[in-house]
Amino acid sequence: MPRDEHVDGQNEPNDASARNPPNDDLTRLQGFLSEGGLPEAGRERFPDWSAEPPPQLSPQNLSGDRYDARLFGELVEASSELRELLDVESRDTTPTFRPLMEDFFRAFYKVSPTFAEEEAVQEQERTVNRPFVERLLEDEQTSIARISTCLDELSSGLATLETGKKALQELKDRPDLREWMEQAVSQPTPDDPSGGESPRDEQEDEDREESPSTQPQAPPASPPARAMRRLVREAISAARNEAEDVRSALSGWGLEPGDLKTVPLSERLELARELRTPRMRSLAELVGRMKQLAGAVEREKVRSRQDEIHSVTLGGEIEWVLPAELASGLASSHPLRRLDFTRRLLEGSLLSYELAGTDHLGRGPVIAAIDISLSMEGEPLEWASAVALTLASVAASEGRFAHLIYFNTRIVHEVRLDGSSLSRRTALDPRTILAAATVGASGGTAYETPVLRAIEVMDEPGAPAAGKADVLMVTDGICELSEEVLFELDSARERRGFKLVSVLIGDYAISGGAGSLDAFSDAVIPLSRIAGGPAGAAQAGDIFENL
């Protein structure tokens, strides 16, 4: 067969290829491009990518990002009170109430809250919420409240919660303001001019046009000024009081809001509530006074020995530098001598007095055993808990090991703190404070269990070996120790070199009956009176003197 016929025969499709055209993506794409795109019948299934997408409007009048929205969502999830407050159905609030509360949260939380462009805010939220947010940010009291709430989600969340409560109360008491909000919400938005009406509704509108008296009146352009000012003023006052209350409750325990960052938000809300109870406030005041007393006692220990010169050493404390060094260096007229003096001062290599008073006393572990028998209920237990928490806080802040044992006839609760893992300014963990301060009184009294437990704590592998321990026992009863426990206690005392101080309060202290405590204590401090005021804290001075 000729070659041309052979080639032409190859180019002609056979019957099979005509029935089954090749399914090749490149071939179909080339055909799509050569024909100018999809046919008209198939184009309606695909979006018009050349058209600009409609703008996404936000319900928030204050600018924010996804983090702000997520933070407010976490707050709502963590607070049952806030969830109930924002429940539109149960509270019968307007749909714009939740965005309003989120705007208030941003106003309290953000460093520099700024308004979003009006065109970027949904119509209802812009009409109803924006006047309230503007009034909130204009008020001077908001700036004062933001001192306690800025960048603190806990204080901002609690302030928002109180703001919402007060706002709902004002809406209930101000029918004109509530009516304005409901009318503003019910108006159609520009995105839906018909308000979602059906043809029948349109016909009814035409009928109503014939009788203008039956048409609904449009809401006023702005809310009632006096009612709005009152709502915002009351809301800000509640938010400010709440924020300052939280900060005050935390500072009473030596805490800052930043110290709670590692605690989950739901637990932070619960802690803030518990730390503001009357009992915890009273205990915080007592602990604060005892911390001041403990600091004064420690300073007095050093001051009483400051005049005792132990020897001469090298140092960099200018007040203890020898006069000869000052005369030859600092007072010299030669610039090189003064420069050499400055260098040795920075290096700590100047001849200086070494004072015996600079040695800190009592720097070993602290173990406190607190009697929580039923007879300790009330002021005695509150006072004993304050002493224990003060010792633990001071020890932890100095990098020392602290262990609290609450006992009756058994060990009821224990708190352990390794101060070496804390910074120099770190206070007690708020969860530790709450767990220790809320232990209730019950049962009888037995000394053997806490004494043996204190020995175990000192001998545990995790307990520090360096430094003599201080053991404190606070009780209002008199109990005997068996010969076996006394022998073990004396052996541990000889082995570890610790000191055990007992505090006896109540009737036995008044009568002077401390014989059984004298048998195993290095010192017994009888306290015939426990007071919540300065007198009660002053009685703790003997304890801090002995530890």
# chains A, B, ... in the order shown; residues from 1 in each chain; ligands from 1
$ residues_around --residues "Arg70 (chain A)" --least-positions-apart "5" --cutoff "12 Å" --atoms "only C-alpha atoms" --output "list of chain:residue names"
A:Gly64, A:Asp65, A:Leu75, A:Val76, A:Glu77, A:Glu102, A:Arg106, A:Glu153
$ write_last_selection --atoms "C-alpha atoms" --output "PDB file, in the first residue's frame"
ATOM      1  CA  GLY A  64     -10.175  43.548  67.526  1.00  0.00           C
ATOM      2  CA  ASP A  65      -8.663  40.377  66.185  1.00  0.00           C
ATOM      3  CA  LEU A  75     -14.507  33.749  79.324  1.00  0.00           C
ATOM      4  CA  VAL A  76     -18.131  32.986  78.464  1.00  0.00           C
ATOM      5  CA  GLU A  77     -17.399  29.271  78.499  1.00  0.00           C
ATOM      6  CA  GLU A 102     -17.934  41.928  74.023  1.00  0.00           C
ATOM      7  CA  ARG A 106     -12.540  44.992  74.758  1.00  0.00           C
ATOM      8  CA  GLU A 153      -8.558  38.886  81.346  1.00  0.00           C
TER       9      GLU A 153
END
$ atom_distance --atom1 "CA of Phe108 (chain A)" --atom2 "CA of Arg247 (chain A)"
14.6 Å
$ residues_around --residues "Asn129 (chain A)" --least-positions-apart "3" --cutoff "8 Å" --atoms "only C-alpha atoms" --output "ChimeraX atom specification"
/A:61,96,99-100,124-126,132-133
$ residues_around --residues "Ser79 (chain A)" --least-positions-apart "3" --cutoff "10 Å" --atoms "only C-alpha atoms" --output "PDB file with N, CA and C atoms, in the first residue's frame"
ATOM      1  N   GLU A  74     -13.726  32.179  75.543  1.00  0.00           N
ATOM      2  CA  GLU A  74     -13.249  31.365  76.661  1.00  0.00           C
ATOM      3  C   GLU A  74     -13.824  31.869  77.983  1.00  0.00           C
ATOM      4  N   LEU A  75     -13.944  33.176  78.106  1.00  0.00           N
ATOM      5  CA  LEU A  75     -14.507  33.749  79.324  1.00  0.00           C
ATOM      6  C   LEU A  75     -15.969  33.339  79.484  1.00  0.00           C
ATOM      7  N   VAL A  76     -16.724  33.389  78.404  1.00  0.00           N
ATOM      8  CA  VAL A  76     -18.131  32.986  78.464  1.00  0.00           C
ATOM      9  C   VAL A  76     -18.247  31.504  78.810  1.00  0.00           C
ATOM     10  N   LEU A  82     -21.820  34.508  83.394  1.00  0.00           N
ATOM     11  CA  LEU A  82     -21.805  35.280  82.157  1.00  0.00           C
ATOM     12  C   LEU A  82     -22.629  34.589  81.081  1.00  0.00           C
ATOM     13  N   ARG A  83     -22.586  33.265  81.030  1.00  0.00           N
ATOM     14  CA  ARG A  83     -23.415  32.550  80.057  1.00  0.00           C
ATOM     15  C   ARG A  83     -24.889  32.817  80.303  1.00  0.00           C
ATOM     16  N   GLU A  84     -25.294  32.761  81.558  1.00  0.00           N
ATOM     17  CA  GLU A  84     -26.686  33.031  81.883  1.00  0.00           C
ATOM     18  C   GLU A  84     -27.052  34.472  81.561  1.00  0.00           C
ATOM     19  N   LEU A  85     -26.118  35.374  81.773  1.00  0.00           N
ATOM     20  CA  LEU A  85     -26.374  36.783  81.499  1.00  0.00           C
ATOM     21  C   LEU A  85     -26.600  37.034  80.018  1.00  0.00           C
ATOM     22  N   GLY A 157     -12.883  40.408  82.656  1.00  0.00           N
ATOM     23  CA  GLY A 157     -14.064  39.564  82.590  1.00  0.00           C
ATOM     24  C   GLY A 157     -15.027  39.830  83.728  1.00  0.00           C
ATOM     25  N   LEU A 158     -14.510  39.965  84.947  1.00  0.00           N
ATOM     26  CA  LEU A 158     -15.382  40.248  86.093  1.00  0.00           C
ATOM     27  C   LEU A 158     -15.995  41.638  85.984  1.00  0.00           C
ATOM     28  N   LEU A 161     -18.786  41.329  83.535  1.00  0.00           N
ATOM     29  CA  LEU A 161     -19.929  40.654  84.152  1.00  0.00           C
ATOM     30  C   LEU A 161     -20.744  41.630  84.998  1.00  0.00           C
ATOM     31  N   LEU A 265      -8.624  29.684  83.290  1.00  0.00           N
ATOM     32  CA  LEU A 265      -9.502  30.825  83.506  1.00  0.00           C
ATOM     33  C   LEU A 265     -10.675  30.473  84.404  1.00  0.00           C
ATOM     34  N   SER A 266     -11.249  29.284  84.242  1.00  0.00           N
ATOM     35  CA  SER A 266     -12.382  28.901  85.092  1.00  0.00           C
ATOM     36  C   SER A 266     -11.969  28.824  86.558  1.00  0.00           C
ATOM     37  N   GLU A 267     -10.743  28.321  86.831  1.00  0.00           N
ATOM     38  CA  GLU A 267     -10.259  28.266  88.209  1.00  0.00           C
ATOM     39  C   GLU A 267      -9.949  29.655  88.735  1.00  0.00           C
ATOM     40  N   LEU A 269     -11.554  32.393  88.030  1.00  0.00           N
ATOM     41  CA  LEU A 269     -12.820  32.998  88.420  1.00  0.00           C
ATOM     42  C   LEU A 269     -13.275  32.479  89.775  1.00  0.00           C
ATOM     43  N   GLU A 270     -13.098  31.174  90.001  1.00  0.00           N
ATOM     44  CA  GLU A 270     -13.490  30.589  91.274  1.00  0.00           C
ATOM     45  C   GLU A 270     -12.586  31.086  92.399  1.00  0.00           C
TER      46      GLU A 270
END
$ residues_around --residues "Glu234 (chain A)" --least-positions-apart "3" --cutoff "12 Å" --atoms "only C-alpha atoms" --output "JSON, numbers by chain"
{"A": [136, 139, 141, 142, 162, 163, 164, 165, 166, 167, 168, 169, 170, 171, 227, 228, 229, 230, 231, 237, 238, 239, 240, 241]}
$ closest_residue --among "A:Leu434, A:Val439, A:Leu336, A:Ile525" --to "Leu374 (chain A)" --atoms "only C-alpha atoms"
A:Val439
